[in-house]
Every structure is written in structure tokens, then in C-alpha cells.
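Each remark here refers to the structure printed beneath this line.
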Amino acid sequence: MFAGFMVNAWEVATIVAVVAGVVGFFVVLRGSAFPAHAIPNGAFAGAAGANLIGLNPLVGLGAFALLAALGIGTLGRRGRRDVVTALALVLMLAIGAAFLSQSTEYEPEIFSLLFGEILGVSSAEILPVAILGLACVIAVGVLYRRLLLTSIIPEIAAARGLQPNRVELAFLIVLACATTMTVPVVGALLIFTLMIGPPAAARSFTNRPGFALIVSVAIALVTVWAAIACSFETNWPVGFYVGTYSAAGYGLGRAYAAWERRRGGQLGPDALIATLQSATS
Amino acid sequence: MSLRRLLFEPGFFSSAPVHTAVLIGAVTAVVSAVVGVFTVVRSQSFAGHALTDIATTGGSGAVYFGVSPLAGFIGGGVAGGGMMDLIGVQRVRSRDLATGIVLGAATGLAALFLYLDATQSATTGVTQQILFGSIFTVSSSTIPIVAICSAVVLLLIGVIYRPLLLSSISPDLASVRGVGLRVVGLLFMLALAVAVGLSSIAIGSILSTALLIGPAATALRLTRSIRGAMVVACLLGIATTWLGVLLAYDSDYWDPSSQGLPVSFFIVAIAFLIYLLSGLAARRHVGRRNGDIPAKEACGLEDDTTSKAVA
């Protein structure tokens, strides 16, 4: 399980889990689950297009992810954000379908872009993933206070001269960056699951934002490691285990928060937000 | 005659797939428009889209278990919608999160089913067909089932129309008036799940979301009442679908060296363009940029009834 080609899988999974845990924490806090689903899914169209004209798929993925982030960020200011996100997503998927109709024998690659092939990662793919992942984590670190403030208490953020639209756009670009690097190795569906399940579970275990971020990364790591191990043993797809374990982790978190509440404690999403509000005001 | 030849490539009116596409397209466009107006007003676009993927999971599961795919799509959608409601879609803050959790689990299951389907039956093209299903590949035998399910959805929306309207636009006013928000929310979710499951198997998951959100969001920007928005959305949806079918059919003849473009591409592109254009038109109405309809106006309530109800 730890020999040869599997080493690459463990390394990439660890990087992806850390990035998903960090970026996903803010995805959950900001209620950006829909963009987090739309950007990686829509970006596949870019890979299909790059494939059609003989470019590196990573270039197409990056270009479309960035376009999606900019489109959702700018159009979302004027219209309803969820509507704009839905329309941007279907537009990209439709463009992808148009690209696919012009090429042949692409199906295995669609499958791997959606569901990933983490067990077949080559060593050459690890370095770019690591660099982009580091960039994402550094960007979140730089934006940390601004992201927290604009997510939770927009009034105070505005009073301090922060521009929520700019912070949102910056965050969407980080999301696009995280997507570009992870989609080719783990697939669009898996990265979305990892960005939602573990961070949502983490919010149920603690009220302190910094600690919740660490818990989020830890749950993401346990989820992917367990998923790879089970997938290796049973031969079933990694995505299945990541999906099930993420949902199970979230269920455990909800149960723990309910139990804690019955004992008189204050846990859960609302409690985290309340803690942050009283700490910053 | 020459104009007709220019607009409609030969065989358009006699082609059986075109007839089916035009019929199925119109039926699903109407159901999507009616359900879509409430989906947009209730800010449940993500749920509306996620249900297509969840229905797809049901569809791939049905292939594995040898059940009818239609039952799989609708069953998967209804189960997913029920789960979302259970986890907490009724609270606005946690809605998208609940959708995301269910979607993540469902896509995991889809990965498993598609893997098992592929290893068991060695059928190629299942993934692509399930994910990108085309309106031109619908068999005409599914038309009656699609029509019946559509009628059920429209009937359900008709039955809960007033409480749904009130709870969508002004939840506070609705609870004051004794509307069961939880029940209405669940019933709407079920209607949405059936409508989306149906349209994802009939016209594919891309078009399902496009027709659910595009025409409805456009209509809400252009009209001042929910009822009006529904009518406009139905007309826009049908027009968009038919124009898309025509262009896709014609595109086979544009460039003889390459294949035509898929119908989903044309329909989505038209829906998106109309939405963008409607933004320019709506900007003239000050304060109506988001397509938000004032509660009183949309419910047809006079000012004094509202204040009485709140008091």
C-alpha cells in the first residue's frame, strides 16, 4: 500500500487535503458552496477545449476557472449571485459539450476529470500541485482577517474600509487556483466534496475560528487517507469513499454539537458566528 | 420560399427526432419555468442544479440494479431533495451547505455506480450519455410519462400556490398567517425534485438547470408579479428551446466538413444572452436590479391588509 506508485498518491492526497481544508473553511463560512461546485465543474470545458486545439489541459482548466471566477464575481454584484453562478456553470458545461462534439474518443478523460485518478498520479505532476497549493494557502493567510470580517460582520468590515466585492473576487480567484491544481489529479467532484464536508464538520466541533481551520484540515486529511486505503483494498473508486466519509464526518459533527448543546454548551455553526461577532465588536 | 429554405434546412419539419424534441422541449420548458420562478425567488438555484446531479446518481444506480432509468432519476431526485430538507434547507443560512453535503455524498455514490456499471456491462458511452444526454436522443415513447409527471408537478404547485408564494416572498408574514413553512418548503422541494429529475432524463442535466433558472430569472427582471413572471418565463423557455433545436439542426449543414454543434450549446447560449440583455432593460427600473419583487405587490395585498396581518 505504501510502495512504488502509491507514494505519489499519498503525497498528492495530503497536499490536496490541506488546501481543501483551508480554502473550504472559508467556502463554508461565506456560504460559497455553489461557486465551489461551479468553478471546478465548469473548468472541465477548458480542458476539453485545450485538448481540441492541442494545448496542455492544465492551461485550459486554469483559463476557464479564472474566467468563471471573474464572471461570477462581477455579474454577481448586479444580479442574484446564485442565478449568475448557475447560468455561468451551464454556459461553461454547454461550451464543453460543444468542444466534445467536435472531438472523438474523449470519454475516459471526461471520467477522470470528473472523478479523478489519484491512484495514477505521476511524480512529475506533484511539483506543480504543491506550488499552486502553497500559493493558495499563502493567499488565504494574507487575506485571513479580511475574509473573516467580510464573511461574518460585513458592517464592521465596511466601517474599516474593506470592500466586500474586492475580497469576494480575490477569494473566488483563490478558489479558481485551488481548482486548477486539483481537478486533474483528484477530479472536480472530489475536490468539491472535500471543500464542503470536512470544514462543515469542523464548525460543529469548536467555536474558535483558528482552531476550526486546523480541525478542518485534520478531518480532510483523515478522510482522504482513509479513502485511499479503502480504495486500495477494495478497488472501488476513491471518490465513493471520500463522499461517504465526508458525509459521515458531517453527521458526526452534527451529532456531537447536539450532544454538547444538551449538556449546556454552545457549539455549531451559529455559535461559531456568535463567538466571532462578540470577539470583534 | 427562399427565406424558408434559408431558415430551415431540408427535412426539419419531417424529422421524427425534431418532432419529439420540439414536444418534449416545450413540456419541460413550461414545467421548468413554473417551478423555476419559485426556485429563483426562494434562492434555491444551487439545490435546483444539485438535484440534476443527484438524479443522475439515481439513474446510474438504476442501470446497475436493472431498474427503469426514469424511476432511478426521479427516485434519486426525490430522495436527495428529502435529505436536503432534513439536513436544513429550510434555514436560509445553511441551505447551500446542506445541498453541498448531499451533493458530495451523491456524487460519491455516482462514482461507485458508474464504476460498477462499467466493470459489469462494459457499455461505453454511459457516462457521457448520462451526463450530457441530448434532447434529440429522447425516444418518443417517453412522451406520455413525461407529460403525466409534468401534470402532477404543475398540479402540486397549483395546490400549494398561495402559501408557497407567501412563504417564498415574506416568510415572516407567512408564519404570522399560520402557514406551515416547513411543510410548504418540503412540498416545494419534492415538486422541484420531480421536475428536475424528469428534465434531466428528458433533456440532459445541462439543459435542465438552464431552463429552470435562465427563463425564470429573466422573467423576474422584466415583470412586476409572480404570475406575470411565470407566463413570461414559459414563453421565453419555449422560444429558447425551439430556437435552439432549429439552430442545432441547421448547424449540421453549416460546415459540411465537421459535425454540427449540440443542441444544449445553442439553448444555453440563447438563455444566457437573453438574461444578460434583460439586465440592461431592468436597469431602467430603479431599485429592481435584482429581480426582487416587493412582497405586497406580488401577493396582491393592499397596504392595510399587510399592516393588519403583521399587527
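Each chain in the C-alpha cells gets a letter, A, B and so on, in the order shown; residues start at 1 in every chain, and ligands are counted from 1 in the order they appear.
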Residues of chain A within 7 Å of chain B, only C-alpha atoms counted, as number ranges by chain:
A: 28, 31, 33-34, 78-80, 82-83, 86-87, 90-91, 93-95, 97-98, 101-102, 107, 115, 189, 193, 196-197, 236-237, 239-244, 247
List as a ChimeraX atom specification the protein and nucleic acid residues near region 54-62 of chain A, meaning an atom at most 10 Å away when only C-alpha atoms are counted, but skip any in the same chain fewer than 3 places from it.
/A:39-51,65-68,176-181,183-184
Since we have the selection now, will you write its residues out, keeping N, CA and C atoms, as an mmCIF file, in the first residue's frame?
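Below is the file selection-v8.cif, written as the result:
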```
data_model
loop_
_atom_site.group_PDB
_atom_site.id
_atom_site.type_symbol
_atom_site.label_atom_id
_atom_site.label_comp_id
_atom_site.auth_asym_id
_atom_site.auth_seq_id
_atom_site.Cartn_x
_atom_site.Cartn_y
_atom_site.Cartn_z
ATOM 1 N N ILE A 39 -17.152 26.252 -10.208
ATOM 2 C CA ILE A 39 -15.855 26.568 -10.825
ATOM 3 C C ILE A 39 -15.113 25.304 -11.260
ATOM 4 N N PRO A 40 -14.917 24.312 -10.352
ATOM 5 C CA PRO A 40 -14.219 23.109 -10.848
ATOM 6 C C PRO A 40 -14.993 22.336 -11.916
ATOM 7 N N ASN A 41 -16.337 22.291 -11.796
ATOM 8 C CA ASN A 41 -17.100 21.538 -12.785
ATOM 9 C C ASN A 41 -17.084 22.201 -14.144
ATOM 10 N N GLY A 42 -17.242 23.535 -14.140
ATOM 11 C CA GLY A 42 -17.271 24.259 -15.402
ATOM 12 C C GLY A 42 -15.906 24.281 -16.062
ATOM 13 N N ALA A 43 -14.839 24.274 -15.222
ATOM 14 C CA ALA A 43 -13.492 24.400 -15.766
ATOM 15 C C ALA A 43 -13.124 23.223 -16.660
ATOM 16 N N PHE A 44 -13.859 22.102 -16.512
ATOM 17 C CA PHE A 44 -13.550 20.945 -17.346
ATOM 18 C C PHE A 44 -13.694 21.302 -18.832
ATOM 19 N N ALA A 45 -14.613 22.247 -19.134
ATOM 20 C CA ALA A 45 -14.787 22.675 -20.520
ATOM 21 C C ALA A 45 -13.478 23.196 -21.085
ATOM 22 N N GLY A 46 -12.716 23.910 -20.243
ATOM 23 C CA GLY A 46 -11.432 24.432 -20.677
ATOM 24 C C GLY A 46 -10.474 23.317 -21.054
ATOM 25 N N ALA A 47 -10.507 22.237 -20.243
ATOM 26 C CA ALA A 47 -9.637 21.100 -20.554
ATOM 27 C C ALA A 47 -10.043 20.472 -21.883
ATOM 28 N N ALA A 48 -11.368 20.362 -22.095
ATOM 29 C CA ALA A 48 -11.839 19.791 -23.362
ATOM 30 C C ALA A 48 -11.410 20.658 -24.537
ATOM 31 N N GLY A 49 -11.501 21.990 -24.366
ATOM 32 C CA GLY A 49 -11.116 22.917 -25.425
ATOM 33 C C GLY A 49 -9.627 22.836 -25.710
ATOM 34 N N ALA A 50 -8.807 22.796 -24.639
ATOM 35 C CA ALA A 50 -7.355 22.712 -24.805
ATOM 36 C C ALA A 50 -6.990 21.425 -25.534
ATOM 37 N N ASN A 51 -7.692 20.367 -25.183
ATOM 38 C CA ASN A 51 -7.471 19.070 -25.821
ATOM 39 C C ASN A 51 -7.750 19.149 -27.321
ATOM 40 N N ALA A 65 -11.299 28.325 -15.271
ATOM 41 C CA ALA A 65 -11.571 28.531 -13.844
ATOM 42 C C ALA A 65 -11.495 30.016 -13.512
ATOM 43 N N LEU A 66 -10.487 30.676 -14.088
ATOM 44 C CA LEU A 66 -10.311 32.111 -13.829
ATOM 45 C C LEU A 66 -11.469 32.909 -14.421
ATOM 46 N N LEU A 67 -11.857 32.565 -15.663
ATOM 47 C CA LEU A 67 -12.993 33.228 -16.308
ATOM 48 C C LEU A 67 -14.254 33.055 -15.469
ATOM 49 N N ALA A 68 -14.463 31.834 -14.967
ATOM 50 C CA ALA A 68 -15.657 31.578 -14.164
ATOM 51 C C ALA A 68 -15.647 32.433 -12.914
ATOM 52 N N ALA A 176 -10.413 29.437 -7.757
ATOM 53 C CA ALA A 176 -10.089 29.007 -9.114
ATOM 54 C C ALA A 176 -8.701 28.376 -9.158
ATOM 55 N N CYS A 177 -7.775 28.983 -8.415
ATOM 56 C CA CYS A 177 -6.390 28.483 -8.377
ATOM 57 C C CYS A 177 -6.362 27.096 -7.743
ATOM 58 N N ALA A 178 -7.070 26.952 -6.617
ATOM 59 C CA ALA A 178 -7.118 25.654 -5.936
ATOM 60 C C ALA A 178 -7.727 24.593 -6.854
ATOM 61 N N THR A 179 -8.698 25.022 -7.655
ATOM 62 C CA THR A 179 -9.381 24.110 -8.555
ATOM 63 C C THR A 179 -8.482 23.617 -9.671
ATOM 64 N N THR A 180 -7.792 24.584 -10.307
ATOM 65 C CA THR A 180 -6.936 24.240 -11.430
ATOM 66 C C THR A 180 -5.934 23.177 -11.049
ATOM 67 N N MET A 181 -5.400 23.336 -9.837
ATOM 68 C CA MET A 181 -4.328 22.428 -9.475
ATOM 69 C C MET A 181 -4.871 21.057 -9.104
ATOM 70 N N VAL A 183 -8.117 19.591 -9.916
ATOM 71 C CA VAL A 183 -9.026 18.839 -10.786
ATOM 72 C C VAL A 183 -8.337 17.707 -11.563
ATOM 73 N N PRO A 184 -7.171 17.965 -12.173
ATOM 74 C CA PRO A 184 -6.564 16.888 -12.973
ATOM 75 C C PRO A 184 -6.172 15.675 -12.136
#
```
Long-range neighbours of Ala20 (chain A) as a ChimeraX atom specification, 8 Å cut-off, only C-alpha atoms, 6 positions minimum in chain
/A:178,191,194-195,217,220
Using only C-alpha atoms, which protein or nucleic acid residues come within 9 Å of Ala239 (chain B)? Drop anything in the same chain fewer than 5 positions from it, and give the result as number ranges by chain.
B: 26, 234, 244
My list of candidates is A:Arg203, A:Arg263, A:Arg81, A:His37. Which is closest to Tyr250 (chain A) when distances are computed with only C-alpha atoms?
A:Arg203
Enter the distance from CA of Pro215 (chain B) to CA of Val196 (chain B), in Å, rounded to one decimal.
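Pair CA of Pro215 (chain B) / CA of Val196 (chain B) returns 15.0 Å.
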Gap from CA of Val18 (chain B) to CA of Ala202 (chain B) - Å, one decimal
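Atom-to-atom, CA of Val18 (chain B) and CA of Ala202 (chain B) are spaced 13.8 Å apart.
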Interatomic distance (Å, one decimal) between CA of Ile274 (chain B) and CA of Leu236 (chain B)
8.9 Å
Selected residue, from B:Gly75, B:Pro163, B:Gly58, B:Gly36, that lies nearest to Leu220 (chain B) when counting only C-alpha atoms:
B:Gly36
From the options B:Thr52, B:Ser150, B:Ser60, B:Ser15, which residue's atoms come nearest to Ala29 (chain B), counting only C-alpha atoms?
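That would be B:Ser150, the residue with the smallest distance to Ala29 (chain B).
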